[in-house]
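A.B. asks: Next up is a structure, given as structure tokens.
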Amino acid sequence: AVDIAKLRGQSGLITIDPGFKNTGSTKSAITFLDGEKGILRYRGYNIEDLAENSNFLEVSYLLINGELPTTEQYNDFAGRITNHTLVHEDIKKILDGFPSVAHPMGVLSSLICSLTAFYPNSLDPNNTDEEIKLSMVRLLAKMPTFAAWAYKNKMGHPVNYPDNSLDYCGNFMKMMFSLPSEKYEIDPVISKALDKLLILHADHEQNCSTSTVRIVGSSQASIYASISAGINALWGPLHGGANQSVIEMLEAIKADGGDSKKYLEKAKDKNDPFRLMGFGHRVYKNFDPRAKIIKKAADDVLEKLGINDPVLDIAKELESAALNDQYFVDRKLYPNVDFYSGIIYRALGIPTDMFTVMFALGRLPGWIAQWKEMRENNEPIGRPRQVYVGSTERPFVPIDKR
Ligand code: ACO
């Protein structure tokens with residue numbers, strides 16, 4: 001609680017809500033989330049239905065336009081995206097400037113931001129709806145190219161150009177995993193699993209990265225700059241970076257003899273900064289519906305690919321120990337989407353430091369839809385207030401008198 005009498009230099013009453021735990025920043029018609037009941041819906045459609053029956057581009061269309069597309073609308077949308085997968089050759093020069101140790105998230109956000117230079121008319125806040133639509137198509141089309149190129153840069157391999165005869169996920173996997181001269185067979189199990197993961201990550205209302213996209217966009221910055229900012233917000237280990245941290249944590253437990261109980265105790269110890277990565281959520285206080293779907297998908301993928309991953313066993317042990325532990329029960333800490341997604345990414349052959357890039361690929365249509373909604377609502381510039389707690393007025397003391 002804030003002691004109003006102590007507020008200095010403030011005019012009027014200011015509420016303080018660190019982390020915006022109870023502050024709504026906007027009205028939105030995109031994603032419905034009930035954290036108590038574990039419900040997630042995009043534009044009214046249950047996430048379970050979409051993950052089972054739809055595909056990522058259809059879900060992208062739904063998020064951005066508000067309705068599921070007709071066949072004609074879908075073909076037009078998917079066709080336009082396919083036509084824009086190539087990127088300007090000079091962007092390769094920017095990529096070449098990054099050392100191979102560069103984290104792919106930093107490379108991705110930089111390449112996305114570089115689109116402001118290649119399409120400078122995006123800087124004009126008065127872009128027409130058609131111009132905005134084109135920017136959105138470009139983003140969806142080029143992001144897989146950039147993501148795969150960020151990986152190739154890390155590996156020191158030559159980049160692959162997009163193959164427009166393939167679908168969205170197939171094209172991405174080919175750019176990631178084949179050499180330019182090589183024939184590449186798409187494994188339908190991998191392609192389907194990837195598509196499902198992208199759907200599950202596609203939007204999640206006003207989370208840290210999405211709020212960032214809206215707030216940057218509210219200053220009328222270019223959509224490319226806004227999405228680039230969202231990628232950077234997603235990077236942190238308390239947000240999208242958690243999927244990388246989960247696997248690193250599970251690997252560390254494995255290397256330490258596989259005693260998951262020991263780590264559960266560490267997570268409960270308030271003098272130990274260790275947290276169980278992939279557990280807990282700001283909004284879900286019952287279960288994360290995405291985690292349920294992903295857990296099943298992880299089992300399916302590992303079985304179909306014939307992979308026996310000891311890290312998955314540790315994950316299951318940790319989950320069941322935590323679900324039966326009073327500390328986790330009292331605080332309503334359940335596995336979140338990141339707890340199992342890393343296990344699938346690993347099974348698909350995606351390296352750990354690309355996990356958050358995969359999350360960004362999935363979240364892109366959500367960011368776009370939210371940016372569009374912010375613009376259509378004519379939202380004012382985002383500008384939170386503060387409660388000043390620093391010094392009161394002080395006379396300046398020259399340096400030789402201090
Ligand atoms: N391990 C151990 N204790 C935890 C954990 C955890 N993973 N998460 C929360 N707690 C405890 C806190 O210590 C706190 O305990 P206290 O009441 O005794 O002080 C209580 O649970 C509430 O935690 P907060 O940090 O206040 O919850 P908040 O809503 O601010 O944080 C967050 C949510 C950031 C997700 C947190 O649970 C966390 O750090 N989890 C691990 C990181 C992670 O998995 N992030 C991914 C989130 S999902 C996503 O971004 C897609």
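Following the order of the structure tokens, chains are lettered A, B, ..., residues in each are numbered from 1, and ligands are numbered from 1.
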Taking the backbone alone, and naming residues the way the document does, which bits of range 111-239 of chain A are helix (DSSP H, G or I) by DSSP, as an NGL selection string?
C.D. replies: :A and (111-118 or 120-123 or 129-155 or 168-177 or 188-201 or 208-217 or 223-234)
A.B. asks: Please find the residues contacting ligand 1 at a distance of at most 7 Å between atoms, with only C-alpha atoms and all ligand atoms counted, and report them as a list in words.
C.D. replies: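 For ligand 1, the residues inside 7 Å are Pro237, Leu238, His239, Gly240, Ala242, Ala267, Lys268, Arg275, Leu276, Met277, Gly278, Phe279, Gly280, His281, Arg282, Val283, Arg331, Leu333, Asn336, Val337 and Asp338 of chain A.
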A.B. asks: Would you list, as a list in words, the residues of range 2-208 of chain A that end up in strand (DSSP E or B) under DSSP run on this structure's backbone?
C.D. replies: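 Going through range 2-208 of chain A, the strand (DSSP E or B) residues come out as Thr31, Phe32, Leu33, Asp34, Ile39, Leu40, Arg41, Tyr42, Tyr45 and Asn46 of chain A.
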A.B. asks: Give the answer as one residue: which of A:Phe146, A:Phe359, A:Phe56, A:Tyr168 has the shortest atom-to-atom distance to Asn83 in chain A, using only C-alpha atoms?
C.D. replies: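 When distances to Asn83 in chain A are compared using only C-alpha atoms, the smallest one comes from A:Tyr168.
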A.B. asks: Calculate how many Å separate CA of Phe177 in chain A from CA of Tyr161 in chain A, rounding to one decimal.
C.D. replies: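 That distance, rounded to one decimal, is 11.9 Å.
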A.B. asks: Counting only C-alpha atoms, what is within 8 Å of range 293-306 of chain A, bar same-chain residues fewer than 3 positions away, as a list in words?
C.D. replies: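 The neighbour list is Glu48, Val189, Ile190, Ala193, Leu197, Pro289, Arg290, Asp309, Val337, Tyr340, Ser341, Ile343, Ile344 and Ala347 of chain A.
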A.B. asks: Which neighbours of range 149-157 of chain A fall inside 12 Å, counting only C-alpha atoms, when residues of the same chain fewer than 5 positions from it are skipped, and could you give them as a ChimeraX atom specification?
C.D. replies: /A:86-87,91-112,142-144,162,172-180,350-355,357-358
A.B. asks: Would you put the residues from that selection into a file with N, CA and C atoms, as a short mmCIF file (atom, residue, chain, number, x, y, z; two decimals), in the first residue's frame?
C.D. replies:
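Heads up, here's the output in again15.cif:
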```cif
data_model
loop_
_atom_site.label_atom_id
_atom_site.label_comp_id
_atom_site.auth_asym_id
_atom_site.auth_seq_id
_atom_site.Cartn_x
_atom_site.Cartn_y
_atom_site.Cartn_z
N LEU A 86 11.67 -14.78 -49.63
CA LEU A 86 13.04 -14.34 -49.93
C LEU A 86 13.31 -13.00 -49.25
N VAL A 87 14.57 -12.77 -48.86
CA VAL A 87 14.90 -11.48 -48.27
C VAL A 87 15.95 -10.78 -49.14
N ILE A 91 20.77 -8.13 -46.77
CA ILE A 91 20.55 -8.53 -45.36
C ILE A 91 21.56 -9.61 -44.97
N LYS A 92 22.03 -10.36 -45.96
CA LYS A 92 23.06 -11.36 -45.68
C LYS A 92 24.35 -10.71 -45.17
N LYS A 93 24.60 -9.48 -45.66
CA LYS A 93 25.82 -8.78 -45.21
C LYS A 93 25.69 -8.43 -43.72
N ILE A 94 24.48 -8.07 -43.32
CA ILE A 94 24.27 -7.77 -41.88
C ILE A 94 24.49 -9.05 -41.09
N LEU A 95 23.92 -10.15 -41.59
CA LEU A 95 24.07 -11.44 -40.91
C LEU A 95 25.55 -11.81 -40.79
N ASP A 96 26.29 -11.59 -41.89
CA ASP A 96 27.71 -11.96 -41.89
C ASP A 96 28.51 -11.18 -40.85
N GLY A 97 28.00 -10.02 -40.44
CA GLY A 97 28.70 -9.19 -39.46
C GLY A 97 28.61 -9.75 -38.04
N PHE A 98 27.70 -10.68 -37.83
CA PHE A 98 27.55 -11.23 -36.47
C PHE A 98 28.57 -12.35 -36.22
N PRO A 99 29.25 -12.33 -35.07
CA PRO A 99 30.13 -13.47 -34.77
C PRO A 99 29.29 -14.72 -34.55
N SER A 100 29.90 -15.89 -34.71
CA SER A 100 29.11 -17.12 -34.58
C SER A 100 28.62 -17.33 -33.15
N VAL A 101 29.22 -16.65 -32.18
CA VAL A 101 28.74 -16.81 -30.79
C VAL A 101 27.49 -15.98 -30.51
N ALA A 102 27.08 -15.16 -31.47
CA ALA A 102 25.90 -14.30 -31.24
C ALA A 102 24.69 -15.16 -30.93
N HIS A 103 23.92 -14.77 -29.91
CA HIS A 103 22.70 -15.54 -29.61
C HIS A 103 21.70 -15.30 -30.75
N PRO A 104 21.08 -16.38 -31.25
CA PRO A 104 20.15 -16.23 -32.39
C PRO A 104 19.00 -15.25 -32.12
N MET A 105 18.62 -15.04 -30.85
CA MET A 105 17.54 -14.08 -30.58
C MET A 105 18.00 -12.66 -30.92
N GLY A 106 19.26 -12.35 -30.58
CA GLY A 106 19.79 -11.01 -30.90
C GLY A 106 19.90 -10.83 -32.41
N VAL A 107 20.29 -11.90 -33.09
CA VAL A 107 20.41 -11.83 -34.56
C VAL A 107 19.01 -11.62 -35.16
N LEU A 108 18.05 -12.39 -34.65
CA LEU A 108 16.68 -12.32 -35.19
C LEU A 108 16.09 -10.92 -35.01
N SER A 109 16.20 -10.37 -33.80
CA SER A 109 15.58 -9.06 -33.58
C SER A 109 16.27 -8.00 -34.44
N SER A 110 17.60 -8.14 -34.63
CA SER A 110 18.32 -7.16 -35.45
C SER A 110 17.89 -7.26 -36.91
N LEU A 111 17.76 -8.48 -37.42
CA LEU A 111 17.38 -8.63 -38.83
C LEU A 111 15.95 -8.13 -39.06
N ILE A 112 15.07 -8.42 -38.10
CA ILE A 112 13.69 -7.91 -38.24
C ILE A 112 13.70 -6.38 -38.22
N LYS A 142 9.13 -13.73 -43.88
CA LYS A 142 10.59 -13.63 -43.75
C LYS A 142 11.13 -14.13 -42.42
N MET A 143 10.26 -14.18 -41.42
CA MET A 143 10.75 -14.58 -40.10
C MET A 143 11.38 -15.98 -40.12
N PRO A 144 10.76 -17.01 -40.76
CA PRO A 144 11.42 -18.32 -40.80
C PRO A 144 12.78 -18.25 -41.51
N PRO A 162 14.88 -19.95 -49.24
CA PRO A 162 13.58 -20.60 -49.05
C PRO A 162 13.20 -21.49 -50.24
N PHE A 172 10.79 -24.16 -43.44
CA PHE A 172 11.65 -23.75 -42.32
C PHE A 172 12.64 -24.87 -41.97
N MET A 173 12.11 -26.10 -41.86
CA MET A 173 12.98 -27.23 -41.48
C MET A 173 14.07 -27.42 -42.54
N LYS A 174 13.71 -27.26 -43.80
CA LYS A 174 14.70 -27.45 -44.87
C LYS A 174 15.79 -26.37 -44.77
N MET A 175 15.36 -25.11 -44.53
CA MET A 175 16.37 -24.04 -44.42
C MET A 175 17.28 -24.26 -43.22
N MET A 176 16.71 -24.86 -42.16
CA MET A 176 17.49 -25.11 -40.93
C MET A 176 18.47 -26.26 -41.12
N PHE A 177 17.97 -27.36 -41.66
CA PHE A 177 18.70 -28.62 -41.50
C PHE A 177 19.38 -29.18 -42.74
N SER A 178 19.19 -28.56 -43.90
CA SER A 178 19.89 -29.14 -45.06
C SER A 178 20.99 -28.21 -45.51
N LEU A 179 21.91 -28.75 -46.29
CA LEU A 179 22.92 -27.92 -46.92
C LEU A 179 22.34 -27.46 -48.26
N PRO A 180 22.81 -26.30 -48.77
CA PRO A 180 22.19 -25.75 -49.99
C PRO A 180 22.09 -26.76 -51.14
N ILE A 350 16.41 -29.43 -32.81
CA ILE A 350 16.64 -27.97 -32.72
C ILE A 350 17.52 -27.70 -31.50
N PRO A 351 18.65 -26.98 -31.69
CA PRO A 351 19.55 -26.77 -30.56
C PRO A 351 18.97 -25.82 -29.51
N THR A 352 19.46 -25.95 -28.28
CA THR A 352 18.87 -25.24 -27.14
C THR A 352 18.76 -23.74 -27.35
N ASP A 353 19.81 -23.12 -27.89
CA ASP A 353 19.71 -21.65 -27.97
C ASP A 353 18.84 -21.18 -29.14
N MET A 354 18.21 -22.13 -29.84
CA MET A 354 17.21 -21.75 -30.85
C MET A 354 15.77 -21.88 -30.31
N PHE A 355 15.64 -22.39 -29.07
CA PHE A 355 14.29 -22.64 -28.55
C PHE A 355 13.45 -21.36 -28.50
N VAL A 357 13.83 -18.73 -30.21
CA VAL A 357 13.55 -18.30 -31.58
C VAL A 357 12.30 -19.04 -32.08
N MET A 358 12.18 -20.31 -31.72
CA MET A 358 10.98 -21.08 -32.12
C MET A 358 9.72 -20.47 -31.50
#
```
A.B. asks: May I have the residues within 9 Å of Ser28 in chain A as a ChimeraX atom specification, using only C-alpha atoms and disregarding those fewer than 3 positions away in the same chain?
C.D. replies: /A:31-32,205,370,373-374
A.B. asks: One decimal, in Å: what's the spacing between CA of Ser135 in chain A and CA of Ser122 in chain A?
C.D. replies: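 It comes out at 7.5 Å.
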A.B. asks: What does the distance between CA of Lys21 in chain A and CA of Leu264 in chain A come to in Å, to one decimal place?
C.D. replies: 26.1 Å
